[in-house]
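Next comes upload_10.pdb, a file with PDB, N, CA and C atoms.
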MODEL        1
ATOM      1  N   MET A 280      49.716  97.254  42.290
ATOM      2  CA  MET A 280      50.406  96.502  43.326
ATOM      3  C   MET A 280      50.549  97.392  44.554
ATOM      4  N   LYS A 281      50.401  96.783  45.707
ATOM      5  CA  LYS A 281      50.649  97.487  46.969
ATOM      6  C   LYS A 281      52.090  97.213  47.356
ATOM      7  N   ILE A 282      52.790  98.256  47.768
ATOM      8  CA  ILE A 282      54.211  98.129  48.086
ATOM      9  C   ILE A 282      54.404  98.225  49.598
ATOM     10  N   ILE A 283      55.052  97.204  50.140
ATOM     11  CA  ILE A 283      55.339  97.122  51.571
ATOM     12  C   ILE A 283      56.849  97.234  51.727
ATOM     13  N   ALA A 284      57.424  98.165  52.278
ATOM     14  CA  ALA A 284      56.926  99.378  52.889
ATOM     15  C   ALA A 284      57.619 100.573  52.224
ATOM     16  N   GLN A 285      56.821 101.513  51.827
ATOM     17  CA  GLN A 285      57.343 102.719  51.176
ATOM     18  C   GLN A 285      58.318 103.463  52.083
ATOM     19  N   SER A 286      58.144 103.335  53.375
ATOM     20  CA  SER A 286      59.029 104.026  54.315
ATOM     21  C   SER A 286      60.495 103.628  54.112
ATOM     22  N   SER A 287      60.746 102.410  53.657
ATOM     23  CA  SER A 287      62.118 101.969  53.369
ATOM     24  C   SER A 287      62.721 102.800  52.246
ATOM     25  N   LEU A 288      61.912 103.074  51.231
ATOM     26  CA  LEU A 288      62.388 103.905  50.130
ATOM     27  C   LEU A 288      62.665 105.318  50.613
ATOM     28  N   ARG A 289      61.755 105.839  51.415
ATOM     29  CA  ARG A 289      61.892 107.201  51.928
ATOM     30  C   ARG A 289      63.178 107.349  52.753
ATOM     31  N   ARG A 290      63.434 106.387  53.636
ATOM     32  CA  ARG A 290      64.662 106.434  54.443
ATOM     33  C   ARG A 290      65.893 106.430  53.546
ATOM     34  N   PHE A 291      65.833 105.634  52.483
ATOM     35  CA  PHE A 291      66.984 105.556  51.591
ATOM     36  C   PHE A 291      67.212 106.874  50.872
ATOM     37  N   TRP A 292      66.161 107.485  50.333
ATOM     38  CA  TRP A 292      66.404 108.717  49.579
ATOM     39  C   TRP A 292      66.737 109.898  50.494
ATOM     40  N   GLN A 293      66.436 109.789  51.773
ATOM     41  CA  GLN A 293      66.891 110.827  52.701
ATOM     42  C   GLN A 293      68.410 110.785  52.849
ATOM     43  N   GLN A 294      68.979 109.587  52.739
ATOM     44  CA  GLN A 294      70.434 109.426  52.792
ATOM     45  C   GLN A 294      71.082 109.630  51.427
ATOM     46  N   HIS A 295      70.325 109.390  50.364
ATOM     47  CA  HIS A 295      70.814 109.504  48.980
ATOM     48  C   HIS A 295      69.811 110.348  48.191
ATOM     49  N   PRO A 296      69.850 111.671  48.357
ATOM     50  CA  PRO A 296      68.838 112.544  47.743
ATOM     51  C   PRO A 296      68.708 112.388  46.220
ATOM     52  N   ASP A 297      69.782 112.002  45.549
ATOM     53  CA  ASP A 297      69.704 111.833  44.093
ATOM     54  C   ASP A 297      68.850 110.629  43.699
ATOM     55  N   ALA A 298      68.530 109.765  44.652
ATOM     56  CA  ALA A 298      67.682 108.596  44.371
ATOM     57  C   ALA A 298      66.195 108.908  44.536
ATOM     58  N   GLU A 299      65.858 110.055  45.106
ATOM     59  CA  GLU A 299      64.458 110.340  45.418
ATOM     60  C   GLU A 299      63.556 110.311  44.184
ATOM     61  N   GLN A 300      63.870 111.081  43.182
ATOM     62  CA  GLN A 300      62.987 111.133  42.015
ATOM     63  C   GLN A 300      62.924 109.798  41.264
ATOM     64  N   PRO A 301      64.067 109.122  41.036
ATOM     65  CA  PRO A 301      63.972 107.809  40.386
ATOM     66  C   PRO A 301      63.152 106.796  41.186
ATOM     67  N   LEU A 302      63.276 106.805  42.514
ATOM     68  CA  LEU A 302      62.486 105.873  43.331
ATOM     69  C   LEU A 302      61.016 106.247  43.324
ATOM     70  N   LYS A 303      60.716 107.528  43.348
ATOM     71  CA  LYS A 303      59.318 107.957  43.266
ATOM     72  C   LYS A 303      58.716 107.566  41.920
ATOM     73  N   ALA A 304      59.501 107.670  40.851
ATOM     74  CA  ALA A 304      59.015 107.273  39.524
ATOM     75  C   ALA A 304      58.759 105.769  39.485
ATOM     76  N   TRP A 305      59.687 104.966  40.029
ATOM     77  CA  TRP A 305      59.481 103.521  40.081
ATOM     78  C   TRP A 305      58.227 103.201  40.889
ATOM     79  N   TYR A 306      58.089 103.835  42.041
ATOM     80  CA  TYR A 306      56.946 103.594  42.922
ATOM     81  C   TYR A 306      55.627 103.904  42.199
ATOM     82  N   ALA A 307      55.588 105.021  41.504
ATOM     83  CA  ALA A 307      54.369 105.408  40.786
ATOM     84  C   ALA A 307      53.998 104.363  39.733
ATOM     85  N   GLU A 308      54.982 103.868  39.008
ATOM     86  CA  GLU A 308      54.705 102.838  37.992
ATOM     87  C   GLU A 308      54.296 101.519  38.632
ATOM     88  N   ALA A 309      55.005 101.123  39.674
ATOM     89  CA  ALA A 309      54.743  99.822  40.305
ATOM     90  C   ALA A 309      53.366  99.789  40.985
ATOM     91  N   THR A 310      52.959 100.889  41.594
ATOM     92  CA  THR A 310      51.659 100.879  42.269
ATOM     93  C   THR A 310      50.501 100.799  41.277
ATOM     94  N   LYS A 311      50.712 101.236  40.052
ATOM     95  CA  LYS A 311      49.672 101.160  39.020
ATOM     96  C   LYS A 311      49.672  99.819  38.294
ATOM     97  N   ALA A 312      50.744  99.063  38.461
ATOM     98  CA  ALA A 312      50.921  97.816  37.707
ATOM     99  C   ALA A 312      49.910  96.752  38.123
ATOM    100  N   LYS A 313      49.581  95.905  37.160
ATOM    101  CA  LYS A 313      48.691  94.751  37.387
ATOM    102  C   LYS A 313      49.428  93.479  36.972
ATOM    103  N   TRP A 314      50.650  93.330  37.441
ATOM    104  CA  TRP A 314      51.473  92.200  37.044
ATOM    105  C   TRP A 314      50.877  90.884  37.518
ATOM    106  N   GLN A 315      50.918  89.896  36.643
ATOM    107  CA  GLN A 315      50.456  88.552  36.968
ATOM    108  C   GLN A 315      51.571  87.514  36.862
ATOM    109  N   THR A 316      52.654  87.878  36.163
ATOM    110  CA  THR A 316      53.774  86.963  35.963
ATOM    111  C   THR A 316      55.074  87.765  35.944
ATOM    112  N   PRO A 317      56.209  87.091  36.146
ATOM    113  CA  PRO A 317      57.488  87.784  36.011
ATOM    114  C   PRO A 317      57.667  88.393  34.611
ATOM    115  N   HIS A 318      57.100  87.737  33.605
ATOM    116  CA  HIS A 318      57.183  88.267  32.239
ATOM    117  C   HIS A 318      56.539  89.658  32.151
ATOM    118  N   ASP A 319      55.460  89.875  32.895
ATOM    119  CA  ASP A 319      54.806  91.190  32.914
ATOM    120  C   ASP A 319      55.749  92.268  33.456
ATOM    121  N   ILE A 320      56.513  91.901  34.472
ATOM    122  CA  ILE A 320      57.482  92.849  35.036
ATOM    123  C   ILE A 320      58.543  93.186  33.995
ATOM    124  N   LYS A 321      59.084  92.157  33.344
ATOM    125  CA  LYS A 321      60.125  92.365  32.319
ATOM    126  C   LYS A 321      59.598  93.178  31.141
ATOM    127  N   ALA A 322      58.339  93.014  30.823
ATOM    128  CA  ALA A 322      57.759  93.779  29.715
ATOM    129  C   ALA A 322      57.742  95.272  30.038
ATOM    130  N   GLN A 323      57.544  95.610  31.301
ATOM    131  CA  GLN A 323      57.490  97.010  31.705
ATOM    132  C   GLN A 323      58.868  97.558  32.058
ATOM    133  N   PHE A 324      59.686  96.752  32.708
ATOM    134  CA  PHE A 324      61.029  97.155  33.122
ATOM    135  C   PHE A 324      62.038  96.223  32.459
ATOM    136  N   LYS A 325      62.496  96.596  31.301
ATOM    137  CA  LYS A 325      63.369  95.730  30.490
ATOM    138  C   LYS A 325      64.660  95.325  31.202
ATOM    139  N   THR A 326      65.181  96.207  32.064
ATOM    140  CA  THR A 326      66.455  95.908  32.719
ATOM    141  C   THR A 326      66.285  95.161  34.039
ATOM    142  N   ALA A 327      65.060  94.878  34.441
ATOM    143  CA  ALA A 327      64.830  94.128  35.683
ATOM    144  C   ALA A 327      65.376  92.711  35.536
ATOM    145  N   SER A 328      65.856  92.176  36.640
ATOM    146  CA  SER A 328      66.362  90.795  36.656
ATOM    147  C   SER A 328      65.456  89.956  37.555
ATOM    148  N   ILE A 329      64.912  88.898  36.992
ATOM    149  CA  ILE A 329      64.055  87.998  37.748
ATOM    150  C   ILE A 329      64.946  86.962  38.435
ATOM    151  N   LEU A 330      64.754  86.809  39.737
ATOM    152  CA  LEU A 330      65.553  85.882  40.534
ATOM    153  C   LEU A 330      64.694  84.732  41.040
ATOM    154  N   LYS A 331      65.342  83.778  41.687
ATOM    155  CA  LYS A 331      64.622  82.728  42.391
ATOM    156  C   LYS A 331      63.937  83.349  43.598
ATOM    157  N   ASN A 332      63.117  82.567  44.279
ATOM    158  CA  ASN A 332      62.494  82.990  45.525
ATOM    159  C   ASN A 332      61.518  84.153  45.310
ATOM    160  N   ASN A 333      60.903  84.213  44.119
ATOM    161  CA  ASN A 333      59.908  85.246  43.802
ATOM    162  C   ASN A 333      60.440  86.657  43.993
ATOM    163  N   ARG A 334      61.644  86.883  43.541
ATOM    164  CA  ARG A 334      62.269  88.192  43.692
ATOM    165  C   ARG A 334      62.660  88.777  42.345
ATOM    166  N   VAL A 335      62.751  90.091  42.366
ATOM    167  CA  VAL A 335      63.179  90.807  41.170
ATOM    168  C   VAL A 335      64.075  91.959  41.599
ATOM    169  N   VAL A 336      65.085  92.234  40.772
ATOM    170  CA  VAL A 336      66.001  93.342  41.002
ATOM    171  C   VAL A 336      65.704  94.414  39.964
ATOM    172  N   PHE A 337      65.497  95.634  40.444
ATOM    173  CA  PHE A 337      65.283  96.783  39.572
ATOM    174  C   PHE A 337      66.512  97.674  39.625
ATOM    175  N   ASN A 338      66.937  98.153  38.473
ATOM    176  CA  ASN A 338      68.020  99.117  38.392
ATOM    177  C   ASN A 338      67.418 100.506  38.542
ATOM    178  N   ILE A 339      67.938 101.268  39.479
ATOM    179  CA  ILE A 339      67.430 102.602  39.774
ATOM    180  C   ILE A 339      68.516 103.621  39.440
ATOM    181  N   LYS A 340      68.115 104.686  38.805
ATOM    182  CA  LYS A 340      69.016 105.789  38.442
ATOM    183  C   LYS A 340      70.197 105.277  37.626
ATOM    184  N   GLY A 341      69.858 104.654  36.505
ATOM    185  CA  GLY A 341      70.899 104.187  35.591
ATOM    186  C   GLY A 341      71.812 103.144  36.198
ATOM    187  N   ASN A 342      71.250 102.310  37.049
ATOM    188  CA  ASN A 342      71.968 101.210  37.691
ATOM    189  C   ASN A 342      72.923 101.686  38.782
ATOM    190  N   GLN A 343      72.781 102.936  39.209
ATOM    191  CA  GLN A 343      73.578 103.426  40.336
ATOM    192  C   GLN A 343      73.105 102.774  41.633
ATOM    193  N   TYR A 344      71.801 102.489  41.693
ATOM    194  CA  TYR A 344      71.200 101.863  42.860
ATOM    195  C   TYR A 344      70.465 100.604  42.433
ATOM    196  N   ARG A 345      70.311  99.681  43.385
ATOM    197  CA  ARG A 345      69.578  98.449  43.128
ATOM    198  C   ARG A 345      68.456  98.321  44.147
ATOM    199  N   LEU A 346      67.306  97.897  43.668
ATOM    200  CA  LEU A 346      66.127  97.680  44.493
ATOM    201  C   LEU A 346      65.688  96.235  44.304
ATOM    202  N   ILE A 347      65.585  95.496  45.395
ATOM    203  CA  ILE A 347      65.110  94.113  45.343
ATOM    204  C   ILE A 347      63.749  94.058  46.022
ATOM    205  N   VAL A 348      62.808  93.465  45.331
ATOM    206  CA  VAL A 348      61.486  93.238  45.917
ATOM    207  C   VAL A 348      61.109  91.773  45.743
ATOM    208  N   ALA A 349      60.293  91.298  46.672
ATOM    209  CA  ALA A 349      59.666  89.985  46.540
ATOM    210  C   ALA A 349      58.236  90.246  46.109
ATOM    211  N   TYR A 350      57.749  89.434  45.186
ATOM    212  CA  TYR A 350      56.393  89.658  44.685
ATOM    213  C   TYR A 350      55.467  88.523  45.104
ATOM    214  N   HIS A 351      54.211  88.900  45.300
ATOM    215  CA  HIS A 351      53.138  87.946  45.567
ATOM    216  C   HIS A 351      51.985  88.390  44.676
ATOM    217  N   PHE A 352      51.916  87.804  43.488
ATOM    218  CA  PHE A 352      50.965  88.261  42.479
ATOM    219  C   PHE A 352      49.514  88.122  42.918
ATOM    220  N   ALA A 353      49.153  87.004  43.535
ATOM    221  CA  ALA A 353      47.752  86.779  43.915
ATOM    222  C   ALA A 353      47.264  87.834  44.905
ATOM    223  N   ALA A 354      48.148  88.272  45.801
ATOM    224  CA  ALA A 354      47.780  89.286  46.792
ATOM    225  C   ALA A 354      48.056  90.705  46.280
ATOM    226  N   GLU A 355      48.636  90.809  45.088
ATOM    227  CA  GLU A 355      49.018  92.106  44.496
ATOM    228  C   GLU A 355      49.895  92.910  45.442
ATOM    229  N   ARG A 356      50.958  92.258  45.928
ATOM    230  CA  ARG A 356      51.872  92.887  46.876
ATOM    231  C   ARG A 356      53.312  92.760  46.395
ATOM    232  N   LEU A 357      54.074  93.815  46.661
ATOM    233  CA  LEU A 357      55.522  93.815  46.494
ATOM    234  C   LEU A 357      56.122  94.132  47.855
ATOM    235  N   PHE A 358      57.108  93.365  48.259
ATOM    236  CA  PHE A 358      57.749  93.549  49.550
ATOM    237  C   PHE A 358      59.195  93.976  49.319
ATOM    238  N   ILE A 359      59.541  95.143  49.797
ATOM    239  CA  ILE A 359      60.902  95.640  49.617
ATOM    240  C   ILE A 359      61.840  94.837  50.497
ATOM    241  N   LYS A 360      62.869  94.276  49.867
ATOM    242  CA  LYS A 360      63.837  93.444  50.577
ATOM    243  C   LYS A 360      65.197  94.129  50.691
ATOM    244  N   PHE A 361      65.503  95.044  49.764
ATOM    245  CA  PHE A 361      66.813  95.692  49.767
ATOM    246  C   PHE A 361      66.751  96.915  48.873
ATOM    247  N   ILE A 362      67.402  97.967  49.308
ATOM    248  CA  ILE A 362      67.688  99.117  48.450
ATOM    249  C   ILE A 362      69.083  99.573  48.835
ATOM    250  N   GLY A 363      69.939  99.717  47.844
ATOM    251  CA  GLY A 363      71.315 100.129  48.139
ATOM    252  C   GLY A 363      72.064 100.501  46.888
ATOM    253  N   THR A 364      73.306 100.892  47.102
ATOM    254  CA  THR A 364      74.167 101.225  45.974
ATOM    255  C   THR A 364      74.552  99.936  45.250
ATOM    256  N   HIS A 365      75.100 100.115  44.071
ATOM    257  CA  HIS A 365      75.549  98.944  43.313
ATOM    258  C   HIS A 365      76.619  98.186  44.099
ATOM    259  N   SER A 366      77.518  98.897  44.754
ATOM    260  CA  SER A 366      78.560  98.210  45.528
ATOM    261  C   SER A 366      77.979  97.512  46.758
ATOM    262  N   ASP A 367      76.939  98.093  47.395
ATOM    263  CA  ASP A 367      76.259  97.409  48.498
ATOM    264  C   ASP A 367      75.619  96.116  48.001
ATOM    265  N   TYR A 368      75.017  96.175  46.823
ATOM    266  CA  TYR A 368      74.354  95.015  46.226
ATOM    267  C   TYR A 368      75.349  93.872  46.012
ATOM    268  N   ASP A 369      76.563  94.216  45.618
ATOM    269  CA  ASP A 369      77.575  93.195  45.363
ATOM    270  C   ASP A 369      77.959  92.416  46.621
ATOM    271  N   LYS A 370      77.616  92.936  47.799
ATOM    272  CA  LYS A 370      77.994  92.311  49.066
ATOM    273  C   LYS A 370      76.900  91.431  49.672
ATOM    274  N   ILE A 371      75.727  91.353  49.034
ATOM    275  CA  ILE A 371      74.608  90.615  49.627
ATOM    276  C   ILE A 371      74.191  89.454  48.726
ATOM    277  N   ASN A 372      73.386  88.573  49.279
ATOM    278  CA  ASN A 372      72.765  87.511  48.493
ATOM    279  C   ASN A 372      71.353  87.996  48.145
ATOM    280  N   ALA A 373      71.143  88.342  46.904
ATOM    281  CA  ALA A 373      69.886  88.938  46.467
ATOM    282  C   ALA A 373      68.685  88.014  46.655
ATOM    283  N   GLU A 374      68.924  86.714  46.726
ATOM    284  CA  GLU A 374      67.811  85.764  46.843
ATOM    285  C   GLU A 374      67.360  85.551  48.287
ATOM    286  N   THR A 375      68.165  86.030  49.256
ATOM    287  CA  THR A 375      67.796  85.810  50.653
ATOM    288  C   THR A 375      67.810  87.074  51.520
ATOM    289  N   VAL A 376      68.327  88.158  51.014
ATOM    290  CA  VAL A 376      68.437  89.380  51.815
ATOM    291  C   VAL A 376      67.068  89.843  52.294
ATOM    292  N   GLU A 377      67.050  90.380  53.508
ATOM    293  CA  GLU A 377      65.835  90.939  54.097
ATOM    294  C   GLU A 377      66.119  92.380  54.487
ATOM    295  N   MET A 378      65.108  93.229  54.388
ATOM    296  CA  MET A 378      65.260  94.632  54.729
ATOM    297  C   MET A 378      65.501  94.772  56.221
ATOM    298  N   GLU A 379      66.520  95.550  56.580
ATOM    299  CA  GLU A 379      66.754  95.832  57.993
ATOM    300  C   GLU A 379      65.814  96.925  58.430
ATOM    301  N   ILE A 380      65.242  96.751  59.586
ATOM    302  CA  ILE A 380      64.272  97.742  60.087
ATOM    303  C   ILE A 380      64.952  98.762  60.953
TER     304      ILE A 380
ENDMDL
END
Is it possible to express this structure as structure tokens?
Amino acid sequence: MKIIAQSSLRRFWQQHPDAEQPLKAWYAEATKAKWQTPHDIKAQFKTASILKNNRVVFNIKGNQYRLIVAYHFAAERLFIKFIGTHSDYDKINAETVEMEI
């Protein structure tokens, strides 16, 4: 899968250095993935939550951080929509949030 945009992850781990290695590990796995269905994502990431609107929430660093991506399987793309702390996540609508540039 191609991930749009890795720079969002980089900006986040610059502010939260403890998230760098877990996000890099997620990125490495996701870029190698050949997911065709939400079930494929759940098979690889058991704690991921599949949402409406073609979105999935990944728990990062033992659920300290949350990562929301929108998937487009046919184009093999993941679009980062949100990365934040668990408390930041509680303040947003995961099905509609968009990444701030």
Who sits within 6.5 Å of range 373-379 of chain A, all atoms listed in the file, same chain under 6 positions skipped, as a ChimeraX atom specification
/A:331-332,359-361
Can you list, as number ranges by chain, every protein, DNA or RNA residue that comes within 12 Å of Asp319 in chain A when you count only C-alpha atoms, leaving out same-chain residues fewer than 5 positions away?
A: 309, 312-314, 324-325, 327, 329, 335, 350, 352
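Nearest residue to Lys370 in chain A among A:His351, A:Arg356, A:Arg345, A:Lys303 is A:Arg345, counting only C-alpha atoms.
Picture a line from CA of Ala353 in chain A to CA of Gln315 in chain A; it runs 7.7 Å.
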Put a box with edges along x, y and z around all the listed atoms of range 365-369 of chain A, pad it by 3 Å on each side, then give me its centre and sizes in Å, one decimal, as AutoDock Vina command-line options.
--center_x 76.5 --center_y 96.3 --center_z 45.9 --size_x 10.2 --size_y 13.7 --size_z 11.2
Find the residues around Asp297 in chain A up to 9 Å (only C-alpha atoms counted), leave out those fewer than 4 positions away in its own chain, and share them as a short mmCIF file (atom, residue, chain, number, x, y, z; two decimals) with N, CA and C atoms, in the frame of the given file.
data_model
loop_
_atom_site.label_atom_id
_atom_site.label_comp_id
_atom_site.auth_asym_id
_atom_site.auth_seq_id
_atom_site.Cartn_x
_atom_site.Cartn_y
_atom_site.Cartn_z
N TRP A 292 66.16 107.48 50.33
CA TRP A 292 66.40 108.72 49.58
C TRP A 292 66.74 109.90 50.49
N PRO A 301 64.07 109.12 41.04
CA PRO A 301 63.97 107.81 40.39
C PRO A 301 63.15 106.80 41.19
N LYS A 340 68.11 104.69 38.80
CA LYS A 340 69.02 105.79 38.44
C LYS A 340 70.20 105.28 37.63
#
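Atom to atom, CA of Ala354 in chain A and CA of Asn372 in chain A stand 25.1 Å apart.
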With 5 Å as the threshold, what does the neighbourhood of (53.2, 94.5, 47.0) contain in terms of residues, counting only N, CA and C atoms? Coordinates are those of the file; answer as a ChimeraX atom specification.
/A:280-283,355-358
Atomic separation - CA of Arg290 in chain A relative to CA of Arg334 in chain A, Å:
21.3 Å
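In this comparison, which uses only C-alpha atoms, the residue of A:Ile320, A:Ala349, A:Ile339, A:Ile371 approaching Ala298 in chain A most closely is A:Ile339.
For the set A:Leu302, A:Gly341, A:Val336, A:Ile347, the residue with the smallest atom-to-atom gap to Ser286 in chain A is A:Leu302, counting only C-alpha atoms.
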Go through chain A and collect every residue that DSSP, computed from the backbone, puts in strand (DSSP E or B); the answer should be as JSON, numbers by chain.
{"A": [281, 282, 283, 328, 329, 330, 334, 335, 336, 337, 338, 339, 344, 345, 346, 347, 348, 349, 350, 351, 356, 357, 358, 359, 360, 361, 362, 363, 364]}
Give the alpha helix (DSSP H) residues of chain A, as assigned by DSSP on the backbone, as a VMD selection string.
chain A and resid 285 to 294 299 to 311 317 to 323 365 to 368
